[in-house]
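Trainee: So here's run_24.tsv (TSV, C-alpha atoms).
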chain	number	residue	atom	x	y	z
A	1	MET	CA	119.79	139.11	125.28
A	2	LYS	CA	117.70	141.81	123.63
A	3	LYS	CA	113.92	141.58	123.76
A	4	LYS	CA	113.67	141.21	119.97
A	5	THR	CA	116.24	138.42	119.99
A	6	TYR	CA	114.66	136.35	122.74
A	7	SER	CA	111.23	136.86	121.17
A	8	SER	CA	112.59	135.32	117.97
A	9	LEU	CA	113.37	132.16	119.95
A	10	PHE	CA	109.64	131.70	120.44
A	11	TRP	CA	108.66	132.37	116.83
A	12	ILE	CA	111.37	130.25	115.23
A	13	GLY	CA	110.64	127.45	117.67
A	14	MET	CA	106.91	127.64	116.89
A	15	PHE	CA	107.66	127.50	113.17
A	16	LEU	CA	109.86	124.40	113.50
A	17	LEU	CA	107.43	122.74	115.88
A	18	PHE	CA	104.28	123.04	113.78
A	19	ILE	CA	104.67	124.33	110.20
A	20	PRO	CA	106.55	121.34	108.66
A	21	GLY	CA	103.85	118.99	109.99
A	22	LEU	CA	101.06	121.13	108.57
A	23	VAL	CA	102.76	121.31	105.16
A	24	HIS	CA	103.29	117.55	105.22
A	25	ALA	CA	99.61	116.89	106.08
A	26	TYR	CA	98.44	119.33	103.39
A	27	LEU	CA	100.51	117.67	100.68
A	28	LEU	CA	99.53	114.10	101.59
A	29	MET	CA	95.78	114.64	101.86
A	30	PRO	CA	93.28	115.75	99.18
A	31	PHE	CA	93.05	119.40	100.23
A	32	PRO	CA	92.31	122.00	97.49
A	33	GLY	CA	95.28	122.25	95.14
A	34	SER	CA	97.53	119.91	97.10
A	35	GLN	CA	97.22	116.82	94.89
A	36	ASN	CA	98.15	118.60	91.66
A	37	LEU	CA	101.62	119.53	92.86
A	38	GLU	CA	104.65	117.42	91.96
A	39	ALA	CA	105.67	117.08	95.58
A	40	ILE	CA	106.06	113.42	96.49
A	41	LYS	CA	109.81	113.74	97.10
A	42	VAL	CA	109.24	116.83	99.21
A	43	CYS	CA	106.72	114.84	101.28
A	44	TYR	CA	109.07	111.88	101.62
A	45	TYR	CA	112.09	113.80	102.85
A	46	LEU	CA	110.01	116.22	104.90
A	47	GLU	CA	108.60	113.25	106.84
A	48	LYS	CA	112.15	112.18	107.71
A	49	ILE	CA	113.03	115.52	109.33
A	50	ILE	CA	109.73	116.50	110.97
A	51	LEU	CA	110.59	114.85	114.31
A	52	PRO	CA	114.11	116.40	114.58
A	53	LEU	CA	112.68	119.80	113.66
A	54	ARG	CA	109.96	119.41	116.28
A	55	ILE	CA	112.50	118.52	118.95
A	56	VAL	CA	114.57	121.60	118.15
A	57	GLY	CA	111.45	123.76	118.02
A	58	ALA	CA	110.14	122.39	121.32
A	59	VAL	CA	113.50	123.08	123.05
A	60	MET	CA	113.49	126.66	121.74
A	61	VAL	CA	109.90	127.32	122.84
A	62	LEU	CA	110.40	125.75	126.28
A	63	TRP	CA	113.63	127.67	126.78
A	64	TYR	CA	111.85	130.88	125.88
A	65	LEU	CA	108.93	130.13	128.24
A	66	PHE	CA	111.31	129.26	131.09
A	67	ARG	CA	113.70	132.20	130.70
A	68	PHE	CA	111.97	135.05	128.92
A	69	PHE	CA	108.18	134.66	128.93
A	70	SER	CA	107.83	136.64	132.17
A	71	LYS	CA	109.53	139.62	130.50
A	72	ALA	CA	106.92	139.88	127.73
A	73	GLY	CA	104.09	142.41	127.96
A	74	VAL	CA	100.53	141.37	128.81
A	75	LYS	CA	99.42	141.63	125.19
A	76	GLY	CA	102.43	139.63	124.02
A	77	LYS	CA	101.77	136.92	126.59
A	78	ILE	CA	98.14	136.59	125.50
A	79	VAL	CA	99.12	136.35	121.82
A	80	GLN	CA	101.83	133.80	122.48
A	81	ILE	CA	99.74	131.57	124.75
A	82	THR	CA	96.82	131.72	122.30
A	83	LEU	CA	99.04	130.77	119.39
A	84	LEU	CA	100.65	127.98	121.41
A	85	ILE	CA	97.24	126.48	122.23
A	86	LEU	CA	96.13	126.71	118.59
A	87	ALA	CA	99.41	125.22	117.44
A	88	LEU	CA	99.08	122.29	119.85
A	89	GLY	CA	95.66	121.71	118.32
A	90	SER	CA	97.35	121.51	114.93
A	91	LEU	CA	99.34	118.53	116.19
A	92	TYR	CA	96.07	116.68	116.66
A	93	ILE	CA	95.11	117.58	113.09
A	94	THR	CA	98.41	116.54	111.50
A	95	ASP	CA	99.19	113.49	113.59
A	96	ILE	CA	95.73	112.03	114.21
A	97	GLU	CA	92.79	113.51	112.32
A	98	PHE	CA	94.54	113.75	108.96
A	99	LYS	CA	97.07	110.98	109.33
A	100	ALA	CA	96.17	108.38	106.72
A	101	SER	CA	97.00	105.32	108.80
A	102	ALA	CA	94.75	106.62	111.60
A	103	MET	CA	91.91	107.75	109.33
A	104	PHE	CA	91.83	104.45	107.43
A	105	GLU	CA	92.79	101.72	109.83
A	106	GLU	CA	93.69	98.14	109.04
A	107	PRO	CA	90.95	95.59	109.83
A	108	LYS	CA	91.14	94.56	113.46
A	109	THR	CA	89.78	91.11	112.56
A	110	VAL	CA	90.25	89.57	109.11
A	111	LYS	CA	87.44	87.05	108.91
A	112	PHE	CA	86.25	84.99	105.95
A	113	ALA	CA	83.11	82.94	105.36
A	114	ASN	CA	82.04	80.44	102.73
A	115	SER	CA	78.95	80.91	100.57
A	116	VAL	CA	76.76	79.19	103.16
A	117	THR	CA	77.67	81.37	106.16
A	118	ASN	CA	78.47	84.53	104.17
A	119	LYS	CA	76.71	87.77	105.22
A	120	VAL	CA	77.87	89.95	102.29
A	121	PRO	CA	75.13	90.71	99.71
A	122	GLU	CA	75.78	89.07	96.36
A	123	SER	CA	75.17	92.41	94.63
A	124	TYR	CA	78.36	93.83	96.19
A	125	ILE	CA	81.38	94.24	93.92
A	126	VAL	CA	84.46	92.27	94.89
A	127	LEU	CA	88.06	91.80	93.87
A	128	GLY	CA	88.48	88.07	93.37
A	129	ILE	CA	91.76	86.15	93.49
A	130	VAL	CA	92.46	82.51	92.70
A	131	ASN	CA	95.63	80.60	93.57
A	132	ASN	CA	96.06	76.84	93.18
A	133	GLY	CA	92.36	76.18	93.54
A	134	VAL	CA	91.86	78.54	96.49
A	135	ALA	CA	89.55	81.48	95.75
A	136	LYS	CA	88.96	84.56	97.89
A	137	ALA	CA	86.74	87.61	97.37
A	138	TYR	CA	87.30	91.07	98.89
A	139	PRO	CA	84.29	93.46	98.77
A	140	LEU	CA	85.10	96.97	97.56
A	141	VAL	CA	83.07	98.73	100.24
A	142	TYR	CA	85.39	97.23	102.86
A	143	LEU	CA	88.58	97.60	100.87
A	144	GLY	CA	87.58	101.18	100.04
A	145	TYR	CA	87.75	102.17	103.69
A	146	HIS	CA	90.81	100.13	104.70
A	147	HIS	CA	92.63	100.81	101.39
A	148	LYS	CA	94.56	97.57	101.80
A	149	VAL	CA	94.25	94.10	103.26
A	150	GLN	CA	97.40	92.03	103.79
A	151	ASP	CA	96.50	88.37	103.46
A	152	ASN	CA	97.24	84.97	101.93
A	153	VAL	CA	95.35	83.16	99.19
A	154	GLY	CA	96.34	79.60	99.85
A	155	THR	CA	100.10	79.83	100.28
A	156	LEU	CA	100.37	83.01	98.19
A	157	PRO	CA	101.00	86.24	100.15
A	158	VAL	CA	98.89	89.08	98.74
A	159	LEU	CA	98.60	92.82	99.24
A	160	VAL	CA	95.03	93.61	98.15
A	161	THR	CA	94.61	97.36	97.62
A	162	TYR	CA	91.86	99.76	96.64
A	163	CYS	CA	91.84	103.56	96.35
A	164	THR	CA	88.47	105.33	96.33
A	165	MET	CA	89.98	108.62	95.09
A	166	CYS	CA	90.93	107.03	91.79
A	167	ARG	CA	88.47	104.13	91.97
A	168	THR	CA	90.82	101.32	91.24
A	169	GLY	CA	91.98	98.08	92.78
A	170	ARG	CA	95.33	96.37	92.47
A	171	VAL	CA	96.74	93.17	93.91
A	172	TYR	CA	100.47	92.92	94.52
A	173	SER	CA	102.96	90.52	95.97
A	174	PRO	CA	104.15	91.95	99.31
A	175	VAL	CA	107.50	90.19	98.89
A	176	ILE	CA	110.47	92.51	98.30
A	177	ASN	CA	114.01	91.20	97.97
A	178	GLY	CA	112.83	87.79	99.11
A	179	SER	CA	111.22	89.06	102.31
A	180	ARG	CA	107.52	89.55	102.99
A	181	GLN	CA	106.79	93.14	103.95
A	182	THR	CA	104.17	94.87	106.05
A	183	PHE	CA	102.85	98.02	104.40
A	184	ARG	CA	101.47	101.18	105.94
A	185	LEU	CA	99.23	103.76	104.30
A	186	VAL	CA	101.15	107.03	104.00
A	187	GLY	CA	98.63	109.31	102.31
A	188	ALA	CA	97.91	110.30	98.72
A	189	ARG	CA	99.56	111.99	95.79
A	190	HIS	CA	97.70	112.80	92.58
A	191	TYR	CA	94.57	111.41	94.24
A	192	ASN	CA	96.16	107.98	94.55
A	193	ALA	CA	97.06	106.14	97.73
A	194	ILE	CA	100.72	105.85	98.69
A	195	VAL	CA	101.96	102.89	100.74
A	196	GLU	CA	105.33	102.31	102.38
A	197	ASP	CA	107.06	98.99	103.01
A	198	GLU	CA	108.59	98.46	106.43
A	199	SER	CA	111.99	97.18	105.32
A	200	THR	CA	113.22	99.74	102.80
A	201	GLY	CA	110.88	102.63	103.62
A	202	THR	CA	110.11	103.09	99.92
A	203	TRP	CA	106.88	104.85	98.88
A	204	TRP	CA	104.80	103.04	96.26
A	205	TYR	CA	101.90	104.29	94.10
A	206	GLN	CA	98.84	102.07	94.57
A	207	ALA	CA	97.60	102.54	90.99
A	208	THR	CA	100.80	101.35	89.33
A	209	GLY	CA	102.89	99.58	91.97
A	210	GLU	CA	105.78	101.83	91.01
A	211	ALA	CA	108.29	103.00	93.60
A	212	ALA	CA	108.00	106.78	93.49
A	213	VAL	CA	110.71	107.66	96.02
A	214	GLY	CA	113.03	105.87	98.41
A	215	PRO	CA	115.72	103.18	98.14
A	216	MET	CA	113.68	101.14	95.61
A	217	GLU	CA	112.80	104.12	93.40
A	218	GLY	CA	112.28	103.05	89.79
A	219	SER	CA	111.32	99.47	90.61
A	220	SER	CA	107.80	98.01	90.76
A	221	LEU	CA	105.87	95.64	92.98
A	222	LYS	CA	104.96	92.38	91.30
A	223	GLU	CA	101.33	92.60	90.20
A	224	LEU	CA	99.09	89.58	90.75
A	225	PRO	CA	96.02	88.80	88.60
A	226	TYR	CA	92.53	89.44	89.94
A	227	GLU	CA	89.00	89.94	88.67
A	228	GLN	CA	86.47	92.63	89.53
A	229	SER	CA	83.00	91.16	89.70
A	230	THR	CA	79.74	91.11	91.58
A	231	LEU	CA	79.94	88.60	94.38
A	232	GLY	CA	77.10	86.64	92.77
A	233	ALA	CA	78.95	86.29	89.47
A	234	TRP	CA	82.15	85.38	91.32
A	235	LEU	CA	80.42	82.62	93.29
A	236	ASP	CA	78.89	81.22	90.09
A	237	LYS	CA	82.42	80.62	88.83
A	238	HIS	CA	84.00	79.82	92.20
A	239	PRO	CA	81.30	78.37	94.50
A	240	GLY	CA	83.90	77.33	97.06
A	241	SER	CA	85.29	80.85	97.39
A	242	LEU	CA	85.86	82.45	100.77
A	243	ILE	CA	84.46	85.96	101.20
A	244	LEU	CA	85.94	88.68	103.40
A	245	GLN	CA	83.38	89.60	106.07
A	246	PRO	CA	82.84	93.10	107.49
A	247	ASP	CA	84.77	94.08	110.59
A	248	ASN	CA	82.08	95.40	112.95
A	249	HIS	CA	84.54	97.89	114.43
A	250	PHE	CA	84.17	99.88	111.19
A	251	LYS	CA	80.45	99.53	110.50
A	252	ALA	CA	79.88	103.31	110.25
A	253	ASP	CA	82.85	103.72	107.90
A	254	TYR	CA	81.50	101.02	105.59
A	255	GLU	CA	78.10	102.71	105.64
A	256	ASP	CA	79.71	105.90	104.30
A	257	LEU	CA	80.63	103.91	101.18
A	258	LYS	CA	77.11	102.58	100.60
A	259	ASP	CA	76.46	102.22	96.84
A	260	TYR	CA	79.99	103.48	96.08
A	261	ASP	CA	80.73	100.24	94.25
A	262	VAL	CA	77.74	100.44	91.88
A	263	LYS	CA	76.88	104.14	91.32
A	264	GLN	CA	78.87	106.68	89.35
A	265	ALA	CA	79.47	110.05	91.00
A	266	VAL	CA	77.58	111.85	88.22
A	267	ASP	CA	74.48	109.79	88.95
A	268	ARG	CA	74.36	111.35	92.40
A	269	ASP	CA	74.56	114.89	90.96
A	270	SER	CA	71.06	116.05	90.07
A	271	THR	CA	72.44	119.24	88.45
A	272	LEU	CA	74.09	117.31	85.62
A	273	LYS	CA	71.70	116.70	82.75
A	274	LYS	CA	74.09	115.11	80.26
A	275	LYS	CA	75.47	112.26	82.32
A	276	ASP	CA	77.06	110.45	79.36
A	277	SER	CA	79.69	113.15	78.91
A	278	LEU	CA	83.26	112.40	79.95
A	279	TYR	CA	83.99	113.78	83.43
A	280	ARG	CA	86.96	113.51	85.78
A	281	LYS	CA	85.20	110.74	87.65
A	282	SER	CA	83.74	108.95	84.66
A	283	TRP	CA	84.45	105.23	84.89
A	284	VAL	CA	86.66	103.57	82.32
A	285	ILE	CA	87.97	100.07	81.75
A	286	GLY	CA	91.72	100.33	81.37
A	287	VAL	CA	94.04	97.82	79.73
A	288	ILE	CA	97.76	97.81	78.97
A	289	VAL	CA	98.87	95.59	76.10
A	290	ASP	CA	102.45	95.58	74.85
A	291	LYS	CA	103.02	98.74	76.95
A	292	GLN	CA	100.18	100.52	75.12
A	293	PRO	CA	97.45	101.74	77.50
A	294	LYS	CA	93.88	102.09	76.32
A	295	ALA	CA	90.72	103.18	78.13
A	296	TYR	CA	87.14	102.20	77.31
A	297	ASP	CA	84.17	104.35	78.27
A	298	TRP	CA	82.19	102.40	80.88
A	299	ARG	CA	78.75	103.68	79.89
A	300	LYS	CA	79.33	102.88	76.22
A	301	MET	CA	80.49	99.43	77.18
A	302	GLN	CA	77.31	98.92	79.21
A	303	GLU	CA	75.33	99.71	76.07
A	304	LEU	CA	77.34	97.33	73.87
A	305	CYS	CA	78.16	94.60	76.42
A	306	LEU	CA	80.72	93.16	73.96
A	307	LEU	CA	83.49	94.79	72.00
A	308	ASN	CA	85.90	93.13	69.58
A	309	ASP	CA	88.91	95.42	69.50
A	310	GLN	CA	92.64	95.39	68.91
A	311	VAL	CA	95.55	97.04	70.74
A	312	GLY	CA	98.74	96.85	68.77
A	313	ALA	CA	98.97	93.33	67.36
A	314	THR	CA	96.74	91.84	70.08
A	315	PRO	CA	93.03	91.23	69.33
A	316	LEU	CA	90.93	91.88	72.42
A	317	LEU	CA	87.47	90.99	73.65
A	318	ILE	CA	86.01	93.35	76.25
A	319	GLY	CA	82.83	92.03	77.83
A	320	LEU	CA	80.31	92.92	80.53
A	321	GLU	CA	78.06	90.30	82.03
A	322	ASP	CA	74.31	90.72	82.50
A	323	ASP	CA	74.76	92.31	85.94
A	324	ASP	CA	76.35	95.38	84.23
A	325	HIS	CA	79.29	95.35	86.66
A	326	THR	CA	81.28	92.17	86.11
A	327	PHE	CA	83.74	92.77	83.28
A	328	HIS	CA	86.38	90.75	81.47
A	329	VAL	CA	89.25	91.32	79.06
A	330	PHE	CA	90.43	88.43	76.86
A	331	ASN	CA	92.88	87.84	74.07
A	332	ARG	CA	90.49	86.56	71.39
A	333	GLN	CA	93.17	84.83	69.34
A	334	VAL	CA	92.84	81.04	69.24
A	335	ASP	CA	95.27	78.80	67.35
A	336	GLY	CA	96.80	81.84	65.65
A	337	LYS	CA	93.44	83.19	64.42
A	338	ALA	CA	91.45	86.10	65.83
A	339	LEU	CA	87.86	85.14	66.57
A	340	ASN	CA	85.01	87.64	66.54
A	341	PHE	CA	82.41	87.35	69.27
A	342	LYS	CA	78.72	88.18	69.65
A	343	MET	CA	75.81	87.35	71.94
A	344	ASP	CA	73.31	84.98	70.32
A	345	GLY	CA	69.53	85.11	70.73
A	346	ASN	CA	69.73	83.05	73.91
A	347	GLY	CA	72.25	85.35	75.55
A	348	ASN	CA	75.18	82.99	74.95
A	349	LEU	CA	78.66	84.25	74.13
A	350	THR	CA	79.53	82.79	70.71
A	351	ASP	CA	82.20	83.25	68.09
A	352	GLN	CA	81.00	84.22	64.62
A	353	GLU	CA	83.43	81.92	62.84
A	354	THR	CA	82.16	78.59	64.26
A	355	ASN	CA	79.16	79.57	66.40
A	356	SER	CA	80.76	77.77	69.34
A	357	VAL	CA	79.57	78.75	72.82
A	358	TRP	CA	82.00	80.21	75.38
A	359	ASN	CA	81.59	81.03	79.07
A	360	TRP	CA	82.81	84.05	81.01
A	361	GLU	CA	85.91	82.17	82.08
A	362	GLY	CA	86.94	82.29	78.43
A	363	LEU	CA	86.40	78.55	78.02
A	364	CYS	CA	84.57	77.10	75.01
A	365	THR	CA	81.90	74.72	76.32
A	366	THR	CA	80.02	73.74	73.15
A	367	GLY	CA	80.89	73.49	69.46
A	368	ILE	CA	83.92	72.97	67.25
A	369	GLN	CA	86.15	74.99	69.59
A	370	LYS	CA	85.11	73.02	72.70
A	371	GLY	CA	87.88	72.90	75.28
A	372	LYS	CA	89.75	75.90	73.82
A	373	GLN	CA	90.60	78.70	76.24
A	374	LEU	CA	90.86	82.44	75.62
A	375	GLY	CA	93.80	84.10	77.33
A	376	LYS	CA	92.79	86.34	80.21
A	377	LEU	CA	94.21	89.86	80.31
A	378	GLN	CA	94.15	92.16	83.31
A	379	GLY	CA	91.56	94.91	83.11
A	380	TYR	CA	91.09	97.78	85.55
A	381	GLN	CA	88.10	99.93	86.42
A	382	GLU	CA	89.30	103.43	87.17
A	383	TYR	CA	88.30	107.08	87.14
A	384	TRP	CA	89.23	108.75	83.89
A	385	HIS	CA	91.33	111.45	85.60
A	386	SER	CA	93.44	108.82	87.35
A	387	TRP	CA	93.93	106.57	84.36
A	388	LYS	CA	94.95	109.52	82.19
A	389	HIS	CA	97.39	110.84	84.79
A	390	PHE	CA	99.22	107.56	85.31
A	391	HIS	CA	99.00	106.56	81.63
A	392	ALA	CA	99.55	109.79	79.73
A	393	ALA	CA	99.94	107.99	76.39
A	394	THR	CA	96.56	106.28	76.68
A	395	VAL	CA	94.18	105.92	73.76
A	396	PHE	CA	90.53	106.55	74.63
A	397	TRP	CA	87.61	104.63	73.13
A	398	ASN	CA	84.21	106.29	73.46
A	399	GLY	CA	82.08	104.01	71.31
A	400	LYS	CA	83.17	105.28	67.92
Represent the supplied structure as structure tokens.

Mentor:
Amino acid sequence: MKKKTYSSLFWIGMFLLFIPGLVHAYLLMPFPGSQNLEAIKVCYYLEKIILPLRIVGAVMVLWYLFRFFSKAGVKGKIVQITLLILALGSLYITDIEFKASAMFEEPKTVKFANSVTNKVPESYIVLGIVNNGVAKAYPLVYLGYHHKVQDNVGTLPVLVTYCTMCRTGRVYSPVINGSRQTFRLVGARHYNAIVEDESTGTWWYQATGEAAVGPMEGSSLKELPYEQSTLGAWLDKHPGSLILQPDNHFKADYEDLKDYDVKQAVDRDSTLKKKDSLYRKSWVIGVIVDKQPKAYDWRKMQELCLLNDQVGATPLLIGLEDDDHTFHVFNRQVDGKALNFKMDGNGNLTDQETNSVWNWEGLCTTGIQKGKQLGKLQGYQEYWHSWKHFHAATVFWNGK
């Protein structure tokens, strides 16, 4: 075999052994430019062939080292050994340091406490879920690191997810084709977490629950209702709620997300003077009514607290509680008539038509409408760039 030919064994083997893994890691992590590419199918199928390619590459490199390495010149040997050492280091990068499931581990202990023994500050923001009288709260600063918690609320299996890159939570049923699944974190595309179910190997977008690629492509996970609230506001409504406690194995990781749940990114940037402008990471409240998405500027909503609006034929009430973080979306139609809401002088939520008083569960507690219930609609807090990407037809409300 000619020198040039046997040398190519080494280089081709090195390419197969390391380059596919590096490309895969680049595309599934938020490196510069990687998340803007339409490459989720490339990532999916590349992951399937990385191991076979590595085996072939390893055989070629080992064969070269065994048969032909001694024939290389001193300079060639130094270059090849140096590159081999660096390439082996790349395996640590692709398979450990930048592997999503290793970077963001599942909780080692899923522990809950009631309001008496709870150690989570009531100022923390939580995702709250209720099922048949059982209430549970999952703090964002813990979810933000883990990205997902697989749990039960009463007898209801839940997949509670949160992605810090797009700042949004979703709760899904982990049941697919009648079987409960275990999900793993794959990485991210378009700055949104991707999870894979164990049975079908399908990849699902966290922000929408849509199957992006795999056997279930085109289908969607069943979304379950939840509320985003301060823990204090949640416990006011559900005093018997259980609260997810921090896993001490990840104390430092939780600390990295300190104030993430309550401070906008622009508030941390002292170079930005006009913080009310719309930025990529501006917060919005997103709703989807009759397939029409609409986004509401978070800062403007904080100024107003209440907004009577309409999407399509559905009259909406968007409201923020006094803590400036607990928000609600209701259908404000009662008995076929749209009510208009305001806050009275005592800070009570009232309808203008009858001056009845309503609580933040959407229940009328005093007045002519007593006992009537507003329909709850799912609202999402999300970064503007994420909401716009996944809901290209969205309408944006900025206070005008």

Trainee: Quick one: residues within 12 Å of A:Leu37, all atoms listed in the file, excluding same-chain residues fewer than 6 positions away - as a ChimeraX atom specification?

Mentor: /A:26-31,43,188-191

Trainee: Which value, in Å to one decimal, gives the distance between atom CA of A:Gln378 and atom CA of A:Ser179?

Mentor: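 Here the two named atoms are 25.7 Å from each other.
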
Trainee: Please provide the set of residues having any atom within 12 Å of A:Val116, restricted to all atoms listed in the file, with same-chain residues fewer than 6 positions apart removed, written as a PyMOL selection string.

Mentor: chain A and resi 235+239-243

Trainee: What are the centre and the three edge lengths of an axis-aligned box that wraps all atoms of stretch 155-160 of chain A in the file, given that 6 Å is added to every side, written as AutoDock Vina command-line options and rounded to one decimal in Å?

Mentor:
--center_x 98.0 --center_y 86.7 --center_z 99.2 --size_x 18.0 --size_y 25.8 --size_z 14.1

Trainee: Provide the atom CA of A:Gly89 to atom CA of A:Leu22 distance in Å, to one decimal place.

Mentor: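 Straight-line distance from atom CA of A:Gly89 to atom CA of A:Leu22 works out to 11.2 Å.
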
Trainee: For A:Lys119, which residue out of A:Pro32, A:Gly379, A:Gly286, A:Pro246 is the nearest one, using all atoms listed in the file?

Mentor: A:Pro246

Trainee: Rank nothing, just name the residue among A:Gly218, A:Ile125, A:Asp322, A:Phe68 nearest to A:Lys263, using all atoms listed in the file.

Mentor: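 Of the candidates, the smallest distance to A:Lys263 is held by A:Ile125.
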
Trainee: Could you list, as a CSV table (one decimal) with C-alpha atoms, in the coordinates of the input, every residue within 12 Å of A:Gln333, counting all atoms listed in the file and ignoring same-chain residues fewer than 5 positions away?

Mentor:
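Final output, part-v2.csv:
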chain,number,residue,atom,x,y,z
A,308,ASN,CA,85.9,93.1,69.6
A,309,ASP,CA,88.9,95.4,69.5
A,310,GLN,CA,92.6,95.4,68.9
A,313,ALA,CA,99.0,93.3,67.4
A,314,THR,CA,96.7,91.8,70.1
A,315,PRO,CA,93.0,91.2,69.3
A,316,LEU,CA,90.9,91.9,72.4
A,317,LEU,CA,87.5,91.0,73.6
A,338,ALA,CA,91.4,86.1,65.8
A,339,LEU,CA,87.9,85.1,66.6
A,340,ASN,CA,85.0,87.6,66.5
A,341,PHE,CA,82.4,87.4,69.3
A,351,ASP,CA,82.2,83.2,68.1
A,362,GLY,CA,86.9,82.3,78.4
A,372,LYS,CA,89.8,75.9,73.8
A,373,GLN,CA,90.6,78.7,76.2
A,374,LEU,CA,90.9,82.4,75.6
A,375,GLY,CA,93.8,84.1,77.3
A,376,LYS,CA,92.8,86.3,80.2

Trainee: For atom CA of A:Leu53 and atom CA of A:Ala212, determine how far apart the two atoms are, in Å to one decimal place.

Mentor: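 Computing the Euclidean distance for atom CA of A:Leu53 and atom CA of A:Ala212 yields 24.5 Å.
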
Trainee: Looking at A:Met60, A:Glu196, A:His24, A:Asn346, which one is nearest to A:Asp95, with distances taken over only C-alpha atoms?

Mentor: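 The answer is A:His24, which sits nearest to A:Asp95.
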
Trainee: List the neighbours of stretch 354-358 of chain A out to 8 Å using all atoms listed in the file; skip same-chain residues closer than 4 positions along the sequence, and give me the result as a PyMOL selection string.

Mentor: chain A and resi 348-350+362-370

Trainee: For A:Asp256, which residue out of A:Trp203, A:Lys48, A:Thr164, A:Gly154 is the nearest one, using only C-alpha atoms?

Mentor: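 Among A:Trp203, A:Lys48, A:Thr164, A:Gly154, it is A:Thr164 that comes nearest to A:Asp256.
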
Trainee: Pick out the residues sitting within 12 Å of A:Asp236, and hand them over as a PyMOL selection string; count only C-alpha atoms, and ignore anything fewer than 2 positions along from it in its own chain.

Mentor: chain A and resi 115+122+229-234+238-241+326+359-361

Trainee: With C-alpha atoms kept, could you save the residues just selected as a PDB file, keeping the file's coordinate frame?

Mentor:
ATOM      1  CA  SER A 115      78.950  80.910 100.570  1.00  0.00           C
ATOM      2  CA  GLU A 122      75.780  89.070  96.360  1.00  0.00           C
ATOM      3  CA  SER A 229      83.000  91.160  89.700  1.00  0.00           C
ATOM      4  CA  THR A 230      79.740  91.110  91.580  1.00  0.00           C
ATOM      5  CA  LEU A 231      79.940  88.600  94.380  1.00  0.00           C
ATOM      6  CA  GLY A 232      77.100  86.640  92.770  1.00  0.00           C
ATOM      7  CA  ALA A 233      78.950  86.290  89.470  1.00  0.00           C
ATOM      8  CA  TRP A 234      82.150  85.380  91.320  1.00  0.00           C
ATOM      9  CA  HIS A 238      84.000  79.820  92.200  1.00  0.00           C
ATOM     10  CA  PRO A 239      81.300  78.370  94.500  1.00  0.00           C
ATOM     11  CA  GLY A 240      83.900  77.330  97.060  1.00  0.00           C
ATOM     12  CA  SER A 241      85.290  80.850  97.390  1.00  0.00           C
ATOM     13  CA  THR A 326      81.280  92.170  86.110  1.00  0.00           C
ATOM     14  CA  ASN A 359      81.590  81.030  79.070  1.00  0.00           C
ATOM     15  CA  TRP A 360      82.810  84.050  81.010  1.00  0.00           C
ATOM     16  CA  GLU A 361      85.910  82.170  82.080  1.00  0.00           C
TER      17      GLU A 361
END

Trainee: Compare A:Gln245, A:Ser101, A:Asn177, A:Asn132 by their minimum atom-to-atom distance to A:Ile194, counting all atoms listed in the file, and give me the closest one.

Mentor: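 Under the stated criterion, the closest residue is A:Ser101.
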
Trainee: When you write stretch 335-342 of chain A out from the block above, keep N, CA, C and O atoms and present the result as an mmCIF file, in the first residue's frame, please.

Mentor:
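This is the output file selection.cif:
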data_model
loop_
_atom_site.group_PDB
_atom_site.id
_atom_site.type_symbol
_atom_site.label_atom_id
_atom_site.label_comp_id
_atom_site.auth_asym_id
_atom_site.auth_seq_id
_atom_site.Cartn_x
_atom_site.Cartn_y
_atom_site.Cartn_z
ATOM 1 N N ASP A 335 -73.230 33.819 30.308
ATOM 2 C CA ASP A 335 -74.620 33.708 29.839
ATOM 3 C C ASP A 335 -74.819 34.395 28.488
ATOM 4 O O ASP A 335 -75.806 35.092 28.249
ATOM 5 N N GLY A 336 -73.847 34.197 27.597
ATOM 6 C CA GLY A 336 -73.961 34.722 26.243
ATOM 7 C C GLY A 336 -73.641 36.194 26.106
ATOM 8 O O GLY A 336 -73.739 36.746 25.005
ATOM 9 N N LYS A 337 -73.238 36.871 27.186
ATOM 10 C CA LYS A 337 -72.954 38.301 27.133
ATOM 11 C C LYS A 337 -71.530 38.562 27.614
ATOM 12 O O LYS A 337 -71.092 38.027 28.632
ATOM 13 N N ALA A 338 -70.817 39.416 26.878
ATOM 14 C CA ALA A 338 -69.454 39.769 27.254
ATOM 15 C C ALA A 338 -69.483 40.829 28.346
ATOM 16 O O ALA A 338 -70.087 41.898 28.173
ATOM 17 N N LEU A 339 -68.850 40.533 29.459
ATOM 18 C CA LEU A 339 -68.733 41.497 30.548
ATOM 19 C C LEU A 339 -67.428 42.270 30.410
ATOM 20 O O LEU A 339 -66.439 41.763 29.886
ATOM 21 N N ASN A 340 -67.451 43.500 30.890
ATOM 22 C CA ASN A 340 -66.255 44.337 30.893
ATOM 23 C C ASN A 340 -65.805 44.537 32.338
ATOM 24 O O ASN A 340 -66.624 44.873 33.202
ATOM 25 N N PHE A 341 -64.507 44.356 32.556
ATOM 26 C CA PHE A 341 -64.004 44.333 33.933
ATOM 27 C C PHE A 341 -63.121 45.535 34.242
ATOM 28 O O PHE A 341 -62.504 46.133 33.354
ATOM 29 N N LYS A 342 -63.073 45.864 35.530
ATOM 30 C CA LYS A 342 -62.232 46.945 36.041
ATOM 31 C C LYS A 342 -61.841 46.594 37.476
ATOM 32 O O LYS A 342 -62.373 45.646 38.078
#
